[in-house]
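Visitor: Sharing coords10.txt (compact mmCIF, C-alpha atoms) below.
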```
# COMPACT_ATOMS: atom_id res chain seq x y z
CA MET A 1 21.72 -12.89 9.63
CA ALA A 2 20.58 -11.16 6.45
CA ALA A 3 17.10 -11.96 5.16
CA ALA A 4 16.88 -14.48 2.33
CA PRO A 5 16.77 -12.82 -1.10
CA PHE A 6 13.35 -12.79 -2.66
CA HIS A 7 14.41 -14.82 -5.70
CA ASP A 8 15.48 -17.78 -3.55
CA ARG A 9 13.05 -18.77 -0.82
CA PRO A 10 11.31 -22.02 0.14
CA GLY A 11 7.83 -22.95 -0.98
CA VAL A 12 5.83 -22.19 -4.10
CA ILE A 13 4.47 -19.24 -6.06
CA TRP A 14 1.24 -19.39 -8.05
CA MET A 15 1.98 -18.31 -11.63
CA ASN A 16 -0.43 -18.37 -14.56
CA GLY A 17 -2.53 -21.21 -13.23
CA GLU A 18 0.16 -23.37 -11.62
CA PHE A 19 1.96 -23.66 -8.32
CA VAL A 20 5.64 -23.58 -9.23
CA PRO A 21 8.75 -23.87 -7.03
CA TRP A 22 9.66 -20.44 -5.68
CA ALA A 23 13.02 -20.24 -7.50
CA ASP A 24 11.41 -21.23 -10.83
CA ALA A 25 8.88 -18.37 -10.92
CA LYS A 26 10.64 -16.38 -13.64
CA VAL A 27 9.86 -14.04 -16.54
CA HIS A 28 11.86 -13.26 -19.66
CA VAL A 29 14.15 -10.22 -19.69
CA LEU A 30 12.15 -8.76 -22.59
CA THR A 31 8.90 -8.76 -20.67
CA HIS A 32 6.93 -5.59 -21.45
CA GLY A 33 6.07 -5.01 -17.80
CA LEU A 34 9.77 -4.77 -16.92
CA HIS A 35 10.59 -2.25 -19.65
CA TYR A 36 7.47 -0.09 -19.62
CA GLY A 37 5.94 -0.50 -16.17
CA SER A 38 2.78 -2.09 -17.62
CA GLY A 39 1.81 -4.00 -14.52
CA VAL A 40 -0.56 -3.71 -11.57
CA PHE A 41 -0.27 -5.20 -8.12
CA GLU A 42 -1.71 -5.40 -4.63
CA GLY A 43 -0.25 -5.62 -1.13
CA GLU A 44 -2.28 -7.69 1.32
CA ARG A 45 -1.79 -8.94 4.87
CA ALA A 46 -2.87 -12.20 6.46
CA TYR A 47 -3.55 -12.32 10.17
CA GLY A 48 -4.13 -15.64 11.91
CA GLY A 49 -4.48 -17.41 8.57
CA THR A 50 -7.06 -14.99 7.10
CA ILE A 51 -6.23 -12.45 4.39
CA PHE A 52 -7.64 -9.10 5.51
CA LYS A 53 -10.15 -7.61 3.05
CA LEU A 54 -9.00 -10.00 0.32
CA ASP A 55 -12.01 -9.42 -1.93
CA GLU A 56 -11.57 -5.63 -1.88
CA HIS A 57 -7.92 -5.97 -2.81
CA THR A 58 -8.65 -8.39 -5.65
CA ARG A 59 -11.38 -6.17 -7.05
CA ARG A 60 -8.99 -3.21 -6.97
CA LEU A 61 -6.41 -5.33 -8.81
CA HIS A 62 -8.94 -5.95 -11.58
CA HIS A 63 -9.90 -2.26 -11.65
CA SER A 64 -6.26 -1.18 -11.89
CA ALA A 65 -5.78 -3.52 -14.85
CA GLU A 66 -8.83 -2.04 -16.58
CA ILE A 67 -7.39 1.46 -16.13
CA LEU A 68 -4.15 0.27 -17.77
CA GLY A 69 -6.16 -1.17 -20.66
CA PHE A 70 -5.96 -4.90 -20.08
CA LYS A 71 -8.11 -7.65 -18.58
CA ILE A 72 -6.80 -10.18 -16.08
CA PRO A 73 -7.80 -13.66 -17.36
CA TRP A 74 -8.73 -14.93 -13.89
CA SER A 75 -11.87 -13.80 -12.09
CA VAL A 76 -11.97 -12.13 -8.70
CA GLU A 77 -13.35 -15.34 -7.20
CA GLU A 78 -10.60 -17.48 -8.75
CA ILE A 79 -7.86 -15.16 -7.51
CA ASN A 80 -9.37 -15.12 -4.02
CA GLN A 81 -9.50 -18.93 -3.91
CA VAL A 82 -5.91 -19.29 -5.13
CA SER A 83 -4.67 -16.71 -2.60
CA ILE A 84 -6.26 -18.61 0.27
CA GLU A 85 -4.86 -21.94 -0.95
CA LEU A 86 -1.39 -20.46 -1.46
CA LEU A 87 -1.36 -19.04 2.07
CA ALA A 88 -2.18 -22.51 3.40
CA ARG A 89 0.46 -24.19 1.21
CA GLN A 90 3.12 -21.80 2.44
CA GLY A 91 2.17 -22.62 6.00
CA HIS A 92 2.00 -19.03 7.21
CA LYS A 93 -0.58 -17.58 9.56
CA ASP A 94 0.72 -14.01 9.56
CA ALA A 95 2.07 -13.06 6.15
CA TYR A 96 2.21 -10.67 3.24
CA VAL A 97 0.41 -11.50 -0.01
CA ARG A 98 1.54 -10.00 -3.33
CA PRO A 99 -0.53 -10.55 -6.50
CA ILE A 100 0.84 -8.91 -9.64
CA ALA A 101 -0.41 -8.86 -13.23
CA TRP A 102 1.69 -7.69 -16.18
CA ARG A 103 2.01 -7.61 -19.95
CA GLY A 104 4.28 -10.35 -21.32
CA SER A 105 6.97 -10.56 -24.00
CA GLU A 106 5.17 -11.21 -27.30
CA MET A 107 5.69 -7.60 -28.41
CA MET A 108 8.58 -5.32 -27.40
CA GLY A 109 7.88 -1.65 -27.88
CA VAL A 110 5.54 0.98 -26.53
CA SER A 111 2.63 -0.79 -28.20
CA ALA A 112 1.82 -4.20 -26.72
CA GLN A 113 -1.65 -5.03 -28.01
CA ALA A 114 -0.94 -8.74 -28.54
CA ASN A 115 0.91 -9.43 -25.31
CA THR A 116 -0.29 -12.13 -22.96
CA ILE A 117 -1.50 -10.93 -19.58
CA ASN A 118 0.30 -12.80 -16.82
CA LEU A 119 -0.66 -13.17 -13.17
CA SER A 120 1.41 -14.30 -10.23
CA ILE A 121 0.75 -14.49 -6.48
CA ALA A 122 3.41 -14.88 -3.79
CA VAL A 123 3.09 -15.23 -0.03
CA TRP A 124 5.83 -14.71 2.54
CA GLU A 125 6.32 -13.85 6.17
CA TRP A 126 6.91 -10.14 6.62
CA PRO A 127 7.30 -8.34 9.94
CA SER A 128 6.29 -4.75 10.64
CA TYR A 129 7.11 -2.39 7.75
CA PHE A 130 8.87 -0.05 10.18
CA LYS A 131 11.13 -1.14 13.07
CA PRO A 132 8.86 -1.87 16.09
CA ALA A 133 10.69 0.41 18.55
CA GLU A 134 10.78 3.21 15.99
CA ARG A 135 7.09 2.77 15.25
CA LEU A 136 5.98 3.09 18.89
CA LYS A 137 7.74 6.40 19.38
CA GLY A 138 6.72 7.73 15.97
CA ILE A 139 8.73 7.53 12.78
CA ARG A 140 10.55 10.43 11.15
CA LEU A 141 9.72 11.52 7.59
CA ASP A 142 11.69 13.64 5.16
CA MET A 143 10.04 15.91 2.62
CA ALA A 144 10.25 14.22 -0.78
CA LYS A 145 11.72 15.97 -3.79
CA TYR A 146 9.35 14.27 -6.23
CA ARG A 147 5.61 14.90 -6.27
CA ARG A 148 2.53 12.83 -7.02
CA PRO A 149 1.60 13.51 -10.66
CA ASP A 150 -1.39 15.32 -12.09
CA PRO A 151 -4.14 12.74 -12.90
CA ALA A 152 -4.16 14.23 -16.40
CA THR A 153 -0.61 12.92 -16.90
CA ALA A 154 -0.72 9.50 -15.16
CA PRO A 155 -3.34 6.88 -14.18
CA SER A 156 -3.26 7.86 -10.50
CA LYS A 157 -6.25 5.71 -9.53
CA ALA A 158 -4.47 2.51 -10.57
CA LYS A 159 -2.08 0.64 -8.30
CA ALA A 160 0.34 0.49 -11.21
CA THR A 161 3.96 -0.60 -10.94
CA GLY A 162 5.36 2.33 -12.90
CA LEU A 163 3.84 4.91 -10.54
CA TYR A 164 6.02 3.65 -7.69
CA MET A 165 9.34 4.57 -9.29
CA ILE A 166 9.28 8.04 -7.71
CA CYS A 167 8.27 6.45 -4.41
CA THR A 168 11.39 4.26 -4.41
CA LEU A 169 13.57 7.28 -5.22
CA SER A 170 11.95 9.31 -2.45
CA LYS A 171 12.23 6.57 0.17
CA HIS A 172 15.87 5.90 -0.73
CA ASP A 173 16.69 9.60 -0.42
CA ALA A 174 14.98 9.75 2.97
CA GLU A 175 16.71 6.64 4.30
CA ALA A 176 20.09 8.01 3.21
CA LYS A 177 19.43 10.97 5.52
CA GLY A 178 18.39 8.78 8.45
CA TYR A 179 14.62 9.08 8.01
CA ALA A 180 12.19 6.14 7.83
CA ASP A 181 10.20 7.46 4.88
CA ALA A 182 9.21 10.61 3.00
CA LEU A 183 6.08 12.71 2.68
CA MET A 184 5.15 13.53 -0.90
CA LEU A 185 3.30 16.61 -2.08
CA ASP A 186 1.09 16.56 -5.16
CA TRP A 187 1.80 18.43 -8.37
CA ARG A 188 0.04 21.51 -6.94
CA GLY A 189 2.25 21.59 -3.84
CA ARG A 190 -0.41 20.19 -1.50
CA VAL A 191 0.15 17.40 1.04
CA ALA A 192 -0.53 14.04 -0.62
CA GLU A 193 0.82 10.86 1.02
CA ALA A 194 3.94 9.00 2.10
CA THR A 195 5.74 6.78 -0.42
CA GLY A 196 3.50 3.80 0.31
CA ALA A 197 0.92 4.95 2.84
CA ASN A 198 -1.80 7.54 3.36
CA VAL A 199 -1.36 10.30 5.94
CA PHE A 200 -3.62 11.71 8.67
CA PHE A 201 -3.23 14.65 11.05
CA VAL A 202 -4.95 15.58 14.32
CA LYS A 203 -5.74 19.06 15.66
CA ASP A 204 -8.09 19.94 18.53
CA GLY A 205 -9.54 16.41 18.51
CA ILE A 206 -10.41 16.51 14.79
CA ILE A 207 -8.74 14.22 12.25
CA HIS A 208 -7.70 15.79 8.94
CA THR A 209 -6.57 13.89 5.84
CA PRO A 210 -5.88 14.95 2.24
CA THR A 211 -8.58 14.37 -0.36
CA PRO A 212 -7.36 11.42 -2.49
CA ASP A 213 -7.84 13.06 -5.88
CA CYS A 214 -4.41 12.20 -7.32
CA PHE A 215 -3.37 9.17 -5.26
CA LEU A 216 -4.97 5.96 -4.04
CA ASP A 217 -7.83 6.08 -1.56
CA GLY A 218 -6.28 3.18 0.33
CA ILE A 219 -8.26 0.24 1.66
CA THR A 220 -6.56 0.68 5.04
CA ARG A 221 -7.27 4.41 4.84
CA ARG A 222 -10.99 3.75 4.43
CA THR A 223 -10.91 1.14 7.19
CA VAL A 224 -9.28 3.55 9.65
CA ILE A 225 -11.76 6.29 8.74
CA GLY A 226 -14.51 3.80 9.65
CA LEU A 227 -12.82 3.00 12.95
CA ALA A 228 -12.46 6.71 13.75
CA LYS A 229 -16.13 7.36 13.03
CA ASP A 230 -17.10 4.41 15.24
CA ARG A 231 -15.27 6.16 18.09
CA GLY A 232 -17.11 9.39 17.36
CA TYR A 233 -14.10 11.23 15.97
CA GLU A 234 -14.75 13.89 13.35
CA ILE A 235 -12.98 13.26 10.04
CA VAL A 236 -12.30 16.08 7.59
CA GLU A 237 -11.08 15.22 4.09
CA ARG A 238 -9.72 18.38 2.50
CA THR A 239 -6.85 20.19 0.84
CA ILE A 240 -3.91 20.44 3.26
CA MET A 241 -1.04 22.80 2.57
CA PRO A 242 2.48 21.96 3.86
CA GLU A 243 2.68 24.97 6.18
CA GLU A 244 -0.42 23.74 8.03
CA MET A 245 1.67 20.92 9.49
CA ALA A 246 3.14 23.44 11.94
CA ASP A 247 -0.22 23.56 13.76
CA PHE A 248 -1.12 19.84 13.80
CA GLU A 249 -0.60 17.97 17.08
CA GLN A 250 -0.55 14.35 15.91
CA CYS A 251 0.21 12.55 12.66
CA PHE A 252 -0.02 8.94 11.54
CA LEU A 253 0.24 6.83 8.39
CA THR A 254 -2.08 4.05 7.23
CA GLY A 255 -1.45 1.23 4.79
CA THR A 256 -1.49 -2.54 4.46
CA ALA A 257 2.20 -2.74 5.33
CA ALA A 258 2.32 0.29 7.66
CA GLU A 259 -1.01 -0.56 9.35
CA VAL A 260 -1.43 2.50 11.65
CA THR A 261 2.00 4.03 12.28
CA PRO A 262 2.53 7.20 14.35
CA VAL A 263 4.74 9.97 12.95
CA SER A 264 6.88 12.14 15.23
CA GLU A 265 8.50 14.36 12.62
CA ILE A 266 8.05 15.52 9.02
CA GLY A 267 10.93 17.73 7.94
CA PRO A 268 10.85 20.75 10.29
CA TYR A 269 7.48 19.78 11.85
CA SER A 270 7.09 17.76 15.06
CA PHE A 271 4.16 15.72 16.41
CA THR A 272 3.30 13.75 19.54
CA VAL A 273 1.86 10.24 19.71
CA GLY A 274 -1.46 11.16 21.29
CA ASP A 275 -4.55 9.29 22.43
CA ILE A 276 -6.35 9.40 19.07
CA THR A 277 -3.39 7.83 17.29
CA ARG A 278 -2.92 5.19 19.98
CA ASN A 279 -6.63 4.36 20.04
CA LEU A 280 -6.74 3.85 16.28
CA MET A 281 -3.58 1.73 16.40
CA GLU A 282 -5.23 -0.49 19.01
CA ASP A 283 -8.57 -0.63 17.17
CA TYR A 284 -6.93 -1.54 13.88
CA THR A 285 -4.91 -4.31 15.52
CA ALA A 286 -8.05 -5.67 17.18
CA LEU A 287 -9.96 -5.52 13.90
CA VAL A 288 -7.42 -7.41 11.79
CA GLN A 289 -7.05 -10.01 14.53
CA GLY A 290 -10.79 -10.61 14.54
CA LYS A 291 -11.36 -9.12 17.99
CA LEU A 292 -13.39 -6.11 16.83
CA GLN A 293 -16.39 -6.01 14.53
CA PRO A 294 -17.63 -2.41 14.29
CA ALA A 295 -20.30 -1.84 11.66
CA MET A 296 -18.60 1.04 9.86
CA ALA A 297 -15.07 -0.42 9.84
CA SER A 298 -16.25 -3.83 8.66
CA SER A 299 -17.60 -2.25 5.48
CA GLY A 300 -14.21 -0.75 4.61
```
Any chance you could give the structure as structure tokens?
Guide:
Amino acid sequence: MAAAPFHDRPGVIWMNGEFVPWADAKVHVLTHGLHYGSGVFEGERAYGGTIFKLDEHTRRLHHSAEILGFKIPWSVEEINQVSIELLARQGHKDAYVRPIAWRGSEMMGVSAQANTINLSIAVWEWPSYFKPAERLKGIRLDMAKYRRPDPATAPSKAKATGLYMICTLSKHDAEAKGYADALMLDWRGRVAEATGANVFFVKDGIIHTPTPDCFLDGITRRTVIGLAKDRGYEIVERTIMPEEMADFEQCFLTGTAAEVTPVSEIGPYSFTVGDITRNLMEDYTALVQGKLQPAMASSG
């Protein structure tokens, strides 16, 4: 049976201060955010009825809005409280949480100084981002055609809706070829990230990951770095060139949706699912389920 479409599901969505029936949470077709990508969002996961690192996500949502030049009219504390209440109302213990803020429809054009800032939060059940069997053996990635932009040309530190257009294109291209996702380079031709997750590599027991200077330093990325340090693994954040992937032994992705997902292949390069990757998968699962409280990981 096909999954229910996202415009027609049971329950409620919180929208601009009210809990409204799911199907009634609508915006006008001339909404600025739809036409010009002037919106920011977060992706959060709830485990056992608790939203993981909710406050960090909400603060990043506010920061992304500031980068795009608008202020969300609800405080971090108010958004946190609503998110927790909405999760309870929906009756989910393990779920995905999606807050989004966007410019409204008072002005239609590039300039939107007078537009109302809207905020909505939705909660739904969402299984693993990648198919479970595929995830355990390591997913396959294509090399994306599009690259992460120069920070001088786009607000790369914001989790902005418009920045994900090239991610959708890249993921669609990869899926059409039978891959699960795509690895994106940055505008300089250096390894950057997957379409919705950060990337890590392992060589000789050392973990390497690209410096996040033109893409998000993900909350899950920072969490996994903390978990790795707690285990005594050495982490090196640096420039990584594509040809270096030929010498790496392991590879994995991190993200709210992806969690810790092993990678078996990126274009012509192959990797094994080794002990470091498996250990971090297990540690992350234990952490989000409340079974692990390491000092470094708990701080993000």
Visitor: Residues proximal to (-12.2, -4.4, 20.3) were defined as those with any atom within 12 Å of that point in the file's coordinates, counting all atoms listed in the file. Which are they, as a ChimeraX atom specification?
Guide: /A:227,230-231,279-294,297
Visitor: Restrict the selected residues to C-alpha atoms and save them as a PDB file, in the coordinates of the input.
Guide:
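Listing of again_27.pdb after writing:
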```pdb
ATOM      1  CA  LEU A 227     -12.820   3.000  12.950  1.00  0.00           C
ATOM      2  CA  ASP A 230     -17.100   4.410  15.240  1.00  0.00           C
ATOM      3  CA  ARG A 231     -15.270   6.160  18.090  1.00  0.00           C
ATOM      4  CA  ASN A 279      -6.630   4.360  20.040  1.00  0.00           C
ATOM      5  CA  LEU A 280      -6.740   3.850  16.280  1.00  0.00           C
ATOM      6  CA  MET A 281      -3.580   1.730  16.400  1.00  0.00           C
ATOM      7  CA  GLU A 282      -5.230  -0.490  19.010  1.00  0.00           C
ATOM      8  CA  ASP A 283      -8.570  -0.630  17.170  1.00  0.00           C
ATOM      9  CA  TYR A 284      -6.930  -1.540  13.880  1.00  0.00           C
ATOM     10  CA  THR A 285      -4.910  -4.310  15.520  1.00  0.00           C
ATOM     11  CA  ALA A 286      -8.050  -5.670  17.180  1.00  0.00           C
ATOM     12  CA  LEU A 287      -9.960  -5.520  13.900  1.00  0.00           C
ATOM     13  CA  VAL A 288      -7.420  -7.410  11.790  1.00  0.00           C
ATOM     14  CA  GLN A 289      -7.050 -10.010  14.530  1.00  0.00           C
ATOM     15  CA  GLY A 290     -10.790 -10.610  14.540  1.00  0.00           C
ATOM     16  CA  LYS A 291     -11.360  -9.120  17.990  1.00  0.00           C
ATOM     17  CA  LEU A 292     -13.390  -6.110  16.830  1.00  0.00           C
ATOM     18  CA  GLN A 293     -16.390  -6.010  14.530  1.00  0.00           C
ATOM     19  CA  PRO A 294     -17.630  -2.410  14.290  1.00  0.00           C
ATOM     20  CA  ALA A 297     -15.070  -0.420   9.840  1.00  0.00           C
TER      21      ALA A 297
END
```
Visitor: Have a look at A:Ile121, A:Glu259, A:Met241, A:Cys251 and name the one nearest to Val20 in chain A; count all atoms listed in the file.
Guide: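 Checking each candidate against Val20 in chain A, we get A:Ile121 as the closest.
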Visitor: Taking all atoms listed in the file into account, which of A:Ala160, A:Ala228, A:Val123, A:Ala88 comes nearest Leu61 in chain A?
Guide: A:Ala160
Visitor: Once 4 Å is added on each side, what centre and edge lengths in Å to one decimal does the axis-aligned box around all listed atoms of range 262-280 of chain A have, as JSON?
Guide:
```
{"center_x": 2.1, "center_y": 12.3, "center_z": 15.2, "size_x": 25.7, "size_y": 24.9, "size_z": 22.5}
```
Visitor: Residues near Pro268 in chain A, anyone? I mean within 10 Å using all atoms listed in the file, not counting same-chain ones fewer than 4 positions away, as a ChimeraX atom specification.
Guide: /A:141-143,245-246
Visitor: Quick one: write out the picked residues with C-alpha atoms as a short mmCIF file (atom, residue, chain, number, x, y, z; two decimals), in the coordinates of the input?
Guide:
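Okay, again-v9.cif is ready:
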```cif
data_model
loop_
_atom_site.label_atom_id
_atom_site.label_comp_id
_atom_site.auth_asym_id
_atom_site.auth_seq_id
_atom_site.Cartn_x
_atom_site.Cartn_y
_atom_site.Cartn_z
CA LEU A 141 9.72 11.52 7.59
CA ASP A 142 11.69 13.64 5.16
CA MET A 143 10.04 15.91 2.62
CA MET A 245 1.67 20.92 9.49
CA ALA A 246 3.14 23.44 11.94
#
```
Visitor: Please compute the CA of Ile139 in chain A-CA of Thr195 in chain A distance, one decimal, in Å.
Guide: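 Between CA of Ile139 in chain A and CA of Thr195 in chain A the gap is 13.6 Å.
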Visitor: Using all atoms listed in the file, which of the listed residues (A:Val263, A:Ala182, A:Met107, A:Val236) sits closest to Leu30 in chain A?
Guide: A:Met107
